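Text of structure04.cif (mmCIF, C-alpha atoms and all ligand atoms) as supplied:
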data_upload
loop_
_atom_site.label_atom_id
_atom_site.label_comp_id
_atom_site.auth_asym_id
_atom_site.auth_seq_id
_atom_site.Cartn_x
_atom_site.Cartn_y
_atom_site.Cartn_z
CA MET A 1 31.38 6.99 -10.04
CA ASN A 2 32.57 4.34 -12.41
CA GLU A 3 33.96 4.64 -15.86
CA ASN A 4 30.79 3.58 -17.66
CA SER A 5 28.77 6.24 -15.95
CA LEU A 6 31.42 8.86 -16.73
CA SER A 7 31.36 8.07 -20.42
CA LYS A 8 27.55 8.25 -20.35
CA MET A 9 27.54 11.65 -18.75
CA PRO A 10 27.58 14.54 -21.20
CA THR A 11 30.29 16.99 -20.40
CA LEU A 12 29.10 20.57 -20.33
CA PRO A 13 31.22 23.48 -21.52
CA VAL A 14 34.65 23.64 -19.94
CA VAL A 15 35.73 27.03 -18.69
CA GLY A 16 38.85 28.22 -20.45
CA GLU A 17 42.11 29.31 -18.88
CA ARG A 18 41.64 32.31 -16.64
CA PRO A 19 43.74 35.40 -17.33
CA PRO A 20 46.36 35.32 -14.58
CA ILE A 21 45.68 38.83 -13.25
CA LEU A 22 42.11 38.04 -12.19
CA GLN A 23 42.01 36.78 -8.63
CA GLY A 24 39.00 35.04 -7.14
CA PHE A 25 37.10 37.55 -4.98
CA PHE A 26 35.94 34.85 -2.59
CA GLY A 27 39.48 33.57 -2.12
CA GLN A 28 40.85 36.98 -1.06
CA THR A 29 41.69 37.66 2.57
CA GLU A 30 39.67 40.30 4.41
CA ILE A 31 42.70 42.61 4.32
CA GLU A 32 42.97 42.29 0.53
CA GLN A 33 39.25 42.88 0.07
CA ASP A 34 39.34 45.87 2.44
CA SER A 35 42.20 47.56 0.64
CA PHE A 36 40.51 47.11 -2.75
CA PHE A 37 37.39 48.94 -1.55
CA LYS A 38 39.25 51.55 0.51
CA ALA A 39 41.36 52.50 -2.51
CA LEU A 40 38.08 53.31 -4.30
CA GLY A 41 36.72 55.28 -1.32
CA GLU A 42 34.13 52.57 -0.59
CA ARG A 43 33.05 51.09 2.76
CA PRO A 44 34.45 47.54 2.68
CA SER A 45 32.08 45.94 5.21
CA LEU A 46 28.94 47.02 3.38
CA ARG A 47 30.21 46.06 -0.08
CA ILE A 48 31.56 42.68 1.05
CA LYS A 49 28.23 41.91 2.72
CA GLN A 50 26.35 42.83 -0.46
CA ILE A 51 28.57 40.66 -2.66
CA HIS A 52 28.29 37.70 -0.29
CA ARG A 53 24.52 38.08 -0.22
CA TRP A 54 24.38 37.91 -4.03
CA MET A 55 26.65 34.87 -4.14
CA ILE A 56 24.55 33.09 -1.53
CA GLN A 57 21.56 33.75 -3.77
CA GLY A 58 23.40 32.12 -6.67
CA GLU A 59 24.38 35.29 -8.55
CA THR A 60 28.07 35.24 -9.43
CA ASP A 61 28.16 37.95 -12.11
CA PHE A 62 29.34 41.19 -10.48
CA LEU A 63 27.60 43.21 -13.22
CA GLN A 64 24.22 41.84 -12.11
CA MET A 65 24.64 42.81 -8.44
CA THR A 66 22.19 45.66 -8.82
CA ASP A 67 22.35 47.22 -5.35
CA ILE A 68 26.01 48.06 -5.98
CA PRO A 69 26.75 51.23 -8.03
CA ALA A 70 27.34 50.43 -11.71
CA GLY A 71 30.87 51.90 -11.70
CA LEU A 72 31.93 49.71 -8.79
CA ARG A 73 30.36 46.65 -10.41
CA ARG A 74 32.50 47.25 -13.47
CA LYS A 75 35.63 47.69 -11.33
CA LEU A 76 34.86 44.40 -9.59
CA ALA A 77 34.37 42.62 -12.91
CA GLU A 78 37.63 44.10 -14.25
CA ASN A 79 39.63 43.05 -11.22
CA PHE A 80 38.14 39.79 -10.03
CA VAL A 81 36.46 36.57 -11.00
CA PRO A 82 33.98 35.46 -8.32
CA PHE A 83 35.86 32.40 -7.07
CA SER A 84 39.46 31.28 -6.63
CA SER A 85 38.42 27.88 -8.05
CA GLN A 86 37.57 27.43 -11.69
CA ILE A 87 35.34 24.75 -13.16
CA LEU A 88 37.44 22.42 -15.29
CA LEU A 89 34.66 19.93 -15.97
CA HIS A 90 30.94 20.06 -15.42
CA SER A 91 28.98 16.86 -16.03
CA LYS A 92 25.29 16.14 -15.71
CA ALA A 93 23.77 12.67 -15.50
CA THR A 94 20.33 11.72 -16.77
CA ASP A 95 19.13 11.55 -13.14
CA GLU A 96 20.09 15.24 -12.75
CA THR A 97 23.19 14.50 -10.67
CA GLU A 98 25.78 17.15 -11.47
CA LYS A 99 29.49 17.02 -10.86
CA LEU A 100 32.11 19.70 -10.87
CA LEU A 101 35.83 19.20 -11.18
CA LEU A 102 37.24 22.31 -9.54
CA GLU A 103 40.80 23.56 -9.84
CA PHE A 104 42.43 25.95 -7.40
CA PRO A 105 45.17 28.44 -8.34
CA ASP A 106 47.87 25.96 -7.24
CA LYS A 107 46.45 23.56 -9.90
CA LYS A 108 45.12 21.14 -7.28
CA GLN A 109 41.80 19.57 -8.21
CA ILE A 110 38.81 18.31 -6.26
CA GLU A 111 35.33 17.03 -7.02
CA THR A 112 32.03 18.38 -5.74
CA VAL A 113 28.71 16.70 -6.49
CA LEU A 114 25.07 17.79 -6.49
CA MET A 115 22.45 15.05 -6.08
CA ARG A 116 18.75 15.66 -6.52
CA GLU A 117 16.05 13.43 -5.06
CA GLU A 118 12.45 13.96 -4.00
CA GLY A 119 12.70 17.69 -3.48
CA ARG A 120 16.12 17.42 -1.85
CA ALA A 121 19.29 18.90 -3.20
CA THR A 122 22.32 17.36 -1.51
CA VAL A 123 25.90 18.54 -1.98
CA CYS A 124 28.73 16.06 -1.49
CA LEU A 125 31.76 18.03 -0.29
CA SER A 126 35.47 17.29 -0.50
CA THR A 127 37.70 18.41 2.37
CA GLN A 128 41.18 17.51 1.16
CA VAL A 129 43.04 17.12 -2.12
CA GLY A 130 43.51 13.35 -2.15
CA CYS A 131 43.29 11.41 1.12
CA GLY A 132 45.82 10.01 3.56
CA MET A 133 43.74 7.18 5.01
CA GLY A 134 44.62 4.58 2.37
CA CYS A 135 41.34 2.61 2.35
CA VAL A 136 41.98 -0.16 -0.17
CA PHE A 137 38.74 0.29 -2.13
CA CYS A 138 38.84 4.06 -2.57
CA ALA A 139 40.07 6.07 -5.56
CA SER A 140 40.64 9.29 -3.58
CA GLY A 141 43.53 7.90 -1.59
CA LEU A 142 45.41 6.19 -4.39
CA GLU A 143 47.93 9.02 -4.55
CA GLY A 144 47.86 9.96 -0.87
CA VAL A 145 46.92 13.34 0.54
CA GLN A 146 48.28 16.47 -1.15
CA ARG A 147 46.84 19.18 1.06
CA ASN A 148 43.92 20.31 3.20
CA LEU A 149 41.28 22.54 1.69
CA GLU A 150 40.99 26.01 3.21
CA THR A 151 37.69 27.09 4.77
CA HIS A 152 36.95 29.45 1.88
CA GLU A 153 37.65 26.66 -0.62
CA ILE A 154 35.03 24.44 1.06
CA GLN A 155 32.63 27.40 1.03
CA GLU A 156 33.38 27.87 -2.67
CA GLU A 157 32.37 24.27 -3.37
CA LEU A 158 28.95 25.11 -1.96
CA LEU A 159 28.66 28.41 -3.81
CA GLN A 160 29.80 26.92 -7.12
CA ILE A 161 27.05 24.29 -6.75
CA ARG A 162 24.58 26.96 -5.55
CA ALA A 163 25.07 28.78 -8.84
CA LEU A 164 23.94 25.63 -10.74
CA LEU A 165 20.55 25.40 -9.01
CA LYS A 166 17.35 26.11 -10.88
CA ALA A 167 14.79 28.67 -9.73
CA GLY A 168 13.00 27.40 -6.63
CA GLU A 169 15.76 24.95 -5.69
CA ARG A 170 17.89 25.30 -2.58
CA ILE A 171 20.66 23.23 -1.03
CA SER A 172 18.80 21.24 1.62
CA HIS A 173 21.48 18.72 2.66
CA ILE A 174 25.25 18.40 2.84
CA VAL A 175 27.17 15.13 3.04
CA VAL A 176 30.87 15.47 3.72
CA MET A 177 31.68 12.28 1.82
CA GLY A 178 33.79 13.55 -1.02
CA MET A 179 37.55 13.43 -1.29
CA GLY A 180 39.53 13.42 1.93
CA GLU A 181 39.11 12.65 5.60
CA PRO A 182 36.98 15.47 7.06
CA LEU A 183 38.12 14.99 10.63
CA ALA A 184 41.76 15.33 9.56
CA ASN A 185 40.85 18.87 8.47
CA LEU A 186 38.29 19.66 11.16
CA GLU A 187 39.60 23.12 12.04
CA ARG A 188 38.97 24.35 8.48
CA LEU A 189 35.82 22.34 7.88
CA LEU A 190 33.88 23.47 10.96
CA PRO A 191 33.83 27.21 10.14
CA ALA A 192 32.65 26.34 6.61
CA LEU A 193 29.84 24.13 7.95
CA ASP A 194 28.86 26.69 10.59
CA TRP A 195 28.57 29.27 7.81
CA ALA A 196 26.52 26.81 5.70
CA ASN A 197 24.24 26.34 8.71
CA ALA A 198 23.94 30.03 9.69
CA ALA A 199 20.90 32.08 8.70
CA SER A 200 23.31 34.69 7.29
CA GLY A 201 25.01 31.93 5.28
CA LEU A 202 23.19 29.18 3.41
CA GLY A 203 20.68 28.43 6.20
CA ILE A 204 21.01 24.63 5.93
CA SER A 205 19.73 22.80 9.01
CA ALA A 206 22.59 21.30 11.06
CA ARG A 207 20.57 18.08 11.27
CA ASN A 208 20.79 17.83 7.48
CA ILE A 209 24.58 18.01 7.50
CA THR A 210 26.37 14.63 7.64
CA ILE A 211 30.07 14.26 8.34
CA SER A 212 31.48 10.91 7.27
CA THR A 213 34.70 9.76 8.92
CA VAL A 214 37.03 6.81 8.72
CA GLY A 215 36.89 7.00 12.55
CA LEU A 216 39.46 9.22 14.29
CA PRO A 217 38.42 8.85 17.97
CA LYS A 218 39.96 12.06 19.39
CA LYS A 219 38.54 14.11 16.54
CA ILE A 220 35.09 12.56 16.99
CA ILE A 221 35.12 13.76 20.61
CA GLU A 222 36.36 17.19 19.50
CA LEU A 223 33.48 17.36 17.03
CA ALA A 224 31.02 16.41 19.78
CA SER A 225 32.33 19.24 21.95
CA HIS A 226 31.47 21.68 19.15
CA LYS A 227 27.84 21.12 20.21
CA LYS A 228 26.20 21.26 16.81
CA PRO A 229 23.79 18.45 15.99
CA TYR A 230 25.66 17.41 12.86
CA HIS A 231 24.95 13.85 11.83
CA LEU A 232 27.99 11.56 12.17
CA ALA A 233 28.60 8.62 9.85
CA VAL A 234 31.45 6.24 10.69
CA SER A 235 32.94 4.18 7.86
CA LEU A 236 33.31 0.82 9.60
CA HIS A 237 33.53 -1.57 6.63
CA ALA A 238 34.40 -4.67 8.71
CA PRO A 239 33.19 -6.41 11.89
CA THR A 240 36.62 -7.38 13.30
CA ASP A 241 39.97 -5.67 13.74
CA LEU A 242 41.64 -8.40 11.72
CA LEU A 243 39.56 -7.62 8.64
CA ARG A 244 39.30 -3.86 9.22
CA ASN A 245 43.10 -3.58 9.40
CA GLN A 246 43.21 -4.94 5.86
CA ILE A 247 40.42 -2.79 4.40
CA VAL A 248 41.04 0.40 6.37
CA PRO A 249 44.80 0.30 7.12
CA MET A 250 44.72 3.22 9.57
CA ASN A 251 42.67 0.95 11.87
CA GLU A 252 45.89 -0.75 12.96
CA LYS A 253 46.86 2.38 14.89
CA VAL A 254 43.44 2.90 16.45
CA GLY A 255 41.45 -0.31 16.84
CA MET A 256 37.73 -0.70 16.36
CA GLN A 257 36.79 -0.62 20.01
CA GLU A 258 38.09 2.93 20.37
CA VAL A 259 36.22 4.01 17.25
CA LEU A 260 32.98 2.48 18.54
CA ASN A 261 33.46 4.05 21.97
CA ALA A 262 34.00 7.50 20.46
CA ALA A 263 30.93 7.06 18.25
CA GLN A 264 28.90 6.11 21.33
CA GLN A 265 30.12 9.23 23.11
CA TYR A 266 29.20 11.35 20.11
CA GLN A 267 25.73 9.86 20.25
CA GLU A 268 25.37 10.64 23.95
CA ILE A 269 26.66 14.21 23.71
CA SER A 270 24.87 15.19 20.49
CA GLY A 271 21.71 13.16 21.06
CA ARG A 272 21.98 12.03 17.46
CA GLN A 273 22.07 8.44 16.29
CA VAL A 274 25.30 7.52 14.54
CA THR A 275 25.21 5.81 11.15
CA TYR A 276 27.75 3.11 10.36
CA GLU A 277 28.75 2.83 6.74
CA TYR A 278 29.76 -0.57 5.46
CA ILE A 279 31.04 -1.02 1.93
CA LEU A 280 30.20 -4.46 0.54
CA ILE A 281 33.06 -5.99 -1.45
CA ALA A 282 32.42 -9.39 -3.05
CA GLY A 283 34.17 -12.23 -1.24
CA ILE A 284 35.95 -9.89 1.18
CA ASN A 285 33.51 -8.63 3.83
CA ASP A 286 30.09 -9.61 2.46
CA GLN A 287 29.47 -13.07 3.93
CA ALA A 288 26.62 -13.92 6.29
CA HIS A 289 29.07 -14.55 9.15
CA HIS A 290 30.39 -10.98 8.72
CA ALA A 291 26.81 -9.70 9.03
CA ARG A 292 26.19 -11.80 12.16
CA GLU A 293 29.41 -10.53 13.76
CA LEU A 294 28.54 -6.93 12.83
CA ALA A 295 25.07 -7.33 14.38
CA ARG A 296 26.72 -8.72 17.52
CA ILE A 297 29.09 -5.77 18.00
CA LEU A 298 26.40 -3.19 17.26
CA SER A 299 23.61 -4.79 19.27
CA GLY A 300 22.61 -2.70 22.25
CA ARG A 301 23.73 0.48 20.48
CA GLN A 302 21.17 2.71 18.86
CA SER A 303 22.62 2.58 15.41
CA HIS A 304 21.86 2.35 11.75
CA VAL A 305 23.97 0.59 9.13
CA ASN A 306 24.18 2.00 5.62
CA LEU A 307 25.35 -0.73 3.26
CA ILE A 308 27.25 0.59 0.23
CA PRO A 309 27.81 -1.88 -2.62
CA PHE A 310 31.33 -1.36 -3.96
CA ASN A 311 31.57 0.86 -7.03
CA PRO A 312 34.29 -0.47 -9.36
CA VAL A 313 37.49 1.60 -9.44
CA LYS A 314 39.82 1.24 -12.41
CA GLY A 315 43.01 -0.49 -11.37
CA LEU A 316 41.54 -2.06 -8.23
CA PRO A 317 40.71 -5.79 -8.17
CA TRP A 318 37.51 -5.63 -6.04
CA GLN A 319 33.98 -6.34 -7.19
CA ARG A 320 30.44 -5.48 -6.22
CA PRO A 321 28.56 -8.46 -4.68
CA GLU A 322 25.52 -9.97 -6.42
CA GLU A 323 22.15 -8.44 -5.47
CA ASP A 324 21.16 -11.63 -3.60
CA SER A 325 24.15 -11.49 -1.27
CA ILE A 326 23.58 -7.76 -0.65
CA ASP A 327 19.96 -8.50 0.37
CA LEU A 328 21.03 -11.47 2.49
CA PHE A 329 23.60 -9.31 4.31
CA ARG A 330 20.98 -6.65 5.02
CA ASP A 331 18.41 -9.21 6.21
CA THR A 332 20.95 -10.96 8.46
CA LEU A 333 21.70 -7.61 10.13
CA ARG A 334 17.99 -6.95 10.61
CA GLN A 335 17.46 -10.42 12.09
CA GLY A 336 20.30 -9.57 14.48
CA GLY A 337 18.32 -6.54 15.63
CA VAL A 338 20.25 -3.88 13.69
CA SER A 339 18.52 -1.34 11.46
CA ALA A 340 20.08 -1.54 7.98
CA THR A 341 19.47 -0.15 4.50
CA VAL A 342 21.30 -0.43 1.20
CA ARG A 343 22.43 2.87 -0.30
CA LYS A 344 20.41 3.59 -3.41
CA ARG A 345 22.18 3.66 -6.70
CA LYS A 346 21.16 6.56 -8.90
CA GLY A 347 22.41 5.14 -12.16
CA ALA A 348 25.94 4.10 -11.37
CA ASP A 349 27.00 7.62 -10.60
CA ILE A 350 25.74 8.48 -7.15
CA ASP A 351 28.96 7.49 -5.38
CA ALA A 352 30.60 10.08 -7.50
CA ALA A 353 32.93 11.89 -5.18
CA CYS A 354 35.41 9.08 -4.83
CA GLY A 355 38.16 10.86 -6.70
CA GLN A 356 37.49 9.05 -9.93
CA LEU A 357 36.34 12.00 -11.98
CA ARG A 358 39.64 13.71 -11.24
CA ARG A 359 41.54 10.58 -12.30
CA GLU A 360 39.54 10.11 -15.47
CA ALA A 361 39.83 13.79 -16.37
CA ALA A 362 43.57 13.68 -15.92
CA ARG A 363 43.72 10.90 -18.49
CA ALA A 364 41.25 12.50 -20.90
CA LEU A 365 42.64 16.04 -20.88
CA PRO A 366 46.39 15.69 -20.51
CA GLY A 367 46.91 19.16 -21.95
CA VAL A 368 44.70 20.82 -19.37
CA LEU A 369 45.17 18.70 -16.28
CA LYS A 370 48.31 17.57 -14.62
CA PRO A 371 48.95 13.88 -15.17
CA LEU A 372 48.46 11.51 -12.25
CA GLY A 373 51.04 11.12 -9.59
CA VAL A 374 52.03 14.76 -9.22
N1 LIG A 401 37.08 9.72 4.66
C1 LIG A 401 35.68 9.72 4.93
C2 LIG A 401 34.86 10.33 3.83
C3 LIG A 401 35.16 9.94 2.41
S1 LIG A 401 34.67 8.35 1.87
C4 LIG A 401 35.22 8.31 5.27
O1 LIG A 401 36.03 7.41 5.25
O2 LIG A 401 34.06 8.15 5.64
C5 LIG A 401 32.96 8.37 2.07
C6 LIG A 401 32.30 7.07 1.67
O3 LIG A 401 32.54 6.82 0.29
C7 LIG A 401 32.86 5.86 2.43
O4 LIG A 401 32.03 5.45 3.45
C8 LIG A 401 32.94 4.79 1.39
O5 LIG A 401 32.05 3.79 1.71
C9 LIG A 401 32.46 5.45 0.10
N2 LIG A 401 33.31 4.96 -1.00
C10 LIG A 401 34.59 5.27 -1.28
N3 LIG A 401 35.02 4.57 -2.36
C11 LIG A 401 33.99 3.81 -2.76
C12 LIG A 401 33.80 2.87 -3.80
N4 LIG A 401 34.77 2.57 -4.66
N5 LIG A 401 32.58 2.28 -3.92
C13 LIG A 401 31.58 2.59 -3.07
N6 LIG A 401 31.70 3.46 -2.06
C14 LIG A 401 32.88 4.06 -1.90
#
Show the structure stored in the file as structure tokens.
Amino acid sequence: MNENSLSKMPTLPVVGERPPILQGFFGQTEIEQDSFFKALGERPSLRIKQIHRWMIQGETDFLQMTDIPAGLRRKLAENFVPFSSQILLHSKATDETEKLLLEFPDKKQIETVLMREEGRATVCLSTQVGCGMGCVFCASGLEGVQRNLETHEIQEELLQIRALLKAGERISHIVVMGMGEPLANLERLLPALDWANAASGLGISARNITISTVGLPKKIIELASHKKPYHLAVSLHAPTDLLRNQIVPMNEKVGMQEVLNAAQQYQEISGRQVTYEYILIAGINDQAHHARELARILSGRQSHVNLIPFNPVKGLPWQRPEEDSIDLFRDTLRQGGVSATVRKRKGADIDAACGQLRREAARALPGVLKPLGV
């Protein structure tokens, strides 16, 4: 998301400071939830199941959970808010894209985005506060990684978005392309995705769940061994090690060949075609010879390339290429036998979860948000 699009997006009401005694029900451990219900002479497993069922249906007001006795509903409302995260900012673009800036009790903030298109509702999830990968074009990593998100925090992202849906809408797709490197937090991400996929959870088809990674080979293999047909997207961004080392600094430790080998293995084990993401930055990696080299290294692999024109980030010197060079790059790949598409731009705000909302908000609301660099 770039600055222009942020200023164009109306900001919806901001939730005020939460009274400190009210804990998020969803963020409580099972033991804490159990003891709350036991102290009231209630059966924890039944009540927890009922509350989760309501939240999955988008109802977050305890008082409206009508299959729970009225007295208990009131007790819940007196003692808890539904989530451990609170919505600091909620923005909605003209194309119906919605963005939440969520803050956890430790004051750490992340972004979660809802994108609507042709009957689809896609959630873009964050997996870490900040990012440790240091890709030179990305706003999320500008201040490094602060911490991993817990499983319940990733689930909360989905439930907070679920509560925004209109009647008849459902979350149909997930892309794990928000802040952070998902495979660096795989052990917490997988239970959240398995819950999102489960019939007793959000019931989202595993084939509609995409995990985007900078390319951590061992973790790609670990993901493959999980045996869920999640769609893998590998952020390649360059056709040679020399260039990739400059754009994606962690590549120096790994090397492209290993990344490509792991992606190939993922494809063989999961039976799912891997997508390669390639950000196009003017004058850096967008020349026809880059496209020819990319086609050469991908030829013979069943693969698809998703070209992502760079979205300007304040403070970074890079630029988006002209439309003509984007088209030429795509056509050169196709001539080289590689399937390629350019990621659609919904306004300028579809690449929203790049950590920029958090940065902008920190500038705009210094009294509410911690300044940058903390
Ligand atoms: N760490 C993971 C997921 C987060 S980034 C990964 O590297 O894949 C997900 C995608 O966001 C990346 O493929 C990148 O292309 C895109 N992205 C990040 N910053 C961007 C920017 N400024 N403009 C356009 N796309 C961007």
In the coordinates of the file, take the point (45.2, 18.4, -7.1) and a cut-off of 7 Å; then, counting all atoms listed in the file, name each qualifying protein, DNA or RNA residue as a ChimeraX atom specification.
/A:107-110,129,146
Minimum-distance residue to ligand LIG 401 (chain A), chosen among A:Glu323, A:Asp194, A:Glu181, A:Asp286 (using only C-alpha atoms and all ligand atoms)
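The shortest atom-to-atom distance to ligand LIG 401 (chain A) comes from A:Glu181.
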Calculate how many Å separate CA of Pro182 (chain A) from CA of Gln128 (chain A), rounding to one decimal.
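Spanning CA of Pro182 (chain A) to CA of Gln128 (chain A) is a straight-line distance of 7.5 Å.
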Using all atoms listed in the file, determine which residues fall within 7 Å of ligand LIG 401 (chain A), then list them as a list of chain:residue names.
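After applying the 7 Å limit, what remains is A:Phe137, A:Cys138, A:Ala139, A:Val176, A:Met177, A:Gly178, A:Met179, A:Gly180, A:Glu181, A:Pro182, A:Ser212, A:Thr213, A:Val214, A:Ala233, A:Val234, A:Ser235, A:Glu277, A:Tyr278, A:Ile279, A:Ile308, A:Pro309, A:Phe310, A:Asn311, A:Pro312, A:Val313, A:Asp351, A:Cys354.
Between CA of Ser84 (chain A) and CA of Glu153 (chain A) the separation is 7.8 Å.
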Enumerate, as a PDB file with C-alpha atoms, in the frame of the given file, the protein, DNA and RNA residues whose atoms approach (20.1, 17.1, 23.2) to within 12 Å, taking into account all atoms listed in the file and the coordinate frame of the file.
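Writing the result to selection.pdb gives the following:
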ATOM      1  CA  ARG A 207      20.570  18.080  11.270  1.00  0.00           C
ATOM      2  CA  ALA A 224      31.020  16.410  19.780  1.00  0.00           C
ATOM      3  CA  LYS A 227      27.840  21.120  20.210  1.00  0.00           C
ATOM      4  CA  LYS A 228      26.200  21.260  16.810  1.00  0.00           C
ATOM      5  CA  PRO A 229      23.790  18.450  15.990  1.00  0.00           C
ATOM      6  CA  TYR A 230      25.660  17.410  12.860  1.00  0.00           C
ATOM      7  CA  TYR A 266      29.200  11.350  20.110  1.00  0.00           C
ATOM      8  CA  GLN A 267      25.730   9.860  20.250  1.00  0.00           C
ATOM      9  CA  GLU A 268      25.370  10.640  23.950  1.00  0.00           C
ATOM     10  CA  ILE A 269      26.660  14.210  23.710  1.00  0.00           C
ATOM     11  CA  SER A 270      24.870  15.190  20.490  1.00  0.00           C
ATOM     12  CA  GLY A 271      21.710  13.160  21.060  1.00  0.00           C
ATOM     13  CA  ARG A 272      21.980  12.030  17.460  1.00  0.00           C
ATOM     14  CA  GLN A 273      22.070   8.440  16.290  1.00  0.00           C
TER      15      GLN A 273
END
Report as a VMD selection string all protein, DNA and RNA residues lying within 10 Å of Ser303 (chain A), evaluated on all atoms listed in the file, omitting residues in the same chain fewer than 5 positions from it.
chain A and resid 263 to 264 267 272 to 276 298 338 to 340
Which residue of A:Gly215, A:Gly336, A:Gly283, A:Gly130 approaches Arg320 (chain A) most closely, using only C-alpha atoms
A:Gly283
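Checking A:Ala199, A:Met250, A:Met55, A:Leu280 one by one against Cys131 (chain A), counting all atoms listed in the file, you find the shortest gap at A:Met250.
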For Gly203 (chain A), please output as a list in words all residues within 12 Å (counting only C-alpha atoms; exclusion window: fewer than 5 positions along the same chain).
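So, after excluding close chain neighbours, the residues are Ile56, Gln57, Arg170, Ile171, Ser172, His173, Ile174, Leu193, Asp194, Trp195, Ala196, Asn197, Ala198, Asn208 and Ile209 of chain A.
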For CA of Thr97 (chain A) and CA of Glu322 (chain A), determine how far apart the two atoms are, in Å to one decimal place.
24.9 Å
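Closest approach to Ser91 (chain A) among A:Glu143, A:Glu42, A:Asp327, A:Glu111 is made by A:Glu111 (distances from only C-alpha atoms).
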Can you pull out every residue within 12 Å of Ala192 (chain A), counting all atoms listed in the file, but drop anything in the same chain fewer than 5 positions away, and send it as a ChimeraX atom specification?
/A:125-127,149-159,174,176,182,185-187,197-198,201-202,204,209
Suppose we keep C-alpha atoms; can you now write the selection as a PDB file, in the coordinates of the input?
ATOM      1  CA  LEU A 125      31.760  18.030  -0.290  1.00  0.00           C
ATOM      2  CA  SER A 126      35.470  17.290  -0.500  1.00  0.00           C
ATOM      3  CA  THR A 127      37.700  18.410   2.370  1.00  0.00           C
ATOM      4  CA  LEU A 149      41.280  22.540   1.690  1.00  0.00           C
ATOM      5  CA  GLU A 150      40.990  26.010   3.210  1.00  0.00           C
ATOM      6  CA  THR A 151      37.690  27.090   4.770  1.00  0.00           C
ATOM      7  CA  HIS A 152      36.950  29.450   1.880  1.00  0.00           C
ATOM      8  CA  GLU A 153      37.650  26.660  -0.620  1.00  0.00           C
ATOM      9  CA  ILE A 154      35.030  24.440   1.060  1.00  0.00           C
ATOM     10  CA  GLN A 155      32.630  27.400   1.030  1.00  0.00           C
ATOM     11  CA  GLU A 156      33.380  27.870  -2.670  1.00  0.00           C
ATOM     12  CA  GLU A 157      32.370  24.270  -3.370  1.00  0.00           C
ATOM     13  CA  LEU A 158      28.950  25.110  -1.960  1.00  0.00           C
ATOM     14  CA  LEU A 159      28.660  28.410  -3.810  1.00  0.00           C
ATOM     15  CA  ILE A 174      25.250  18.400   2.840  1.00  0.00           C
ATOM     16  CA  VAL A 176      30.870  15.470   3.720  1.00  0.00           C
ATOM     17  CA  PRO A 182      36.980  15.470   7.060  1.00  0.00           C
ATOM     18  CA  ASN A 185      40.850  18.870   8.470  1.00  0.00           C
ATOM     19  CA  LEU A 186      38.290  19.660  11.160  1.00  0.00           C
ATOM     20  CA  GLU A 187      39.600  23.120  12.040  1.00  0.00           C
ATOM     21  CA  ASN A 197      24.240  26.340   8.710  1.00  0.00           C
ATOM     22  CA  ALA A 198      23.940  30.030   9.690  1.00  0.00           C
ATOM     23  CA  GLY A 201      25.010  31.930   5.280  1.00  0.00           C
ATOM     24  CA  LEU A 202      23.190  29.180   3.410  1.00  0.00           C
ATOM     25  CA  ILE A 204      21.010  24.630   5.930  1.00  0.00           C
ATOM     26  CA  ILE A 209      24.580  18.010   7.500  1.00  0.00           C
TER      27      ILE A 209
END
Choose the residue, out of A:Thr60, A:Arg73, A:Gly300, A:Pro239, that has the smallest atom-to-atom separation from Arg47 (chain A); count all atoms listed in the file.
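When distances to Arg47 (chain A) are compared using all atoms listed in the file, the smallest one comes from A:Arg73.
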What's the 12 Å shell around Arg334 (chain A), counting only C-alpha atoms, without same-chain residues fewer than 2 positions away, as a list in words?
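Once the adjacent positions are removed, what remains is Ala288, Ala291, Arg292, Leu294, Ala295, Arg296, Leu298, Ser299, Ser303, His304, Val305, Asn306, Asp327, Leu328, Phe329, Arg330, Asp331, Thr332, Gly336, Gly337, Val338, Ser339, Ala340, Thr341 and Val342 of chain A.
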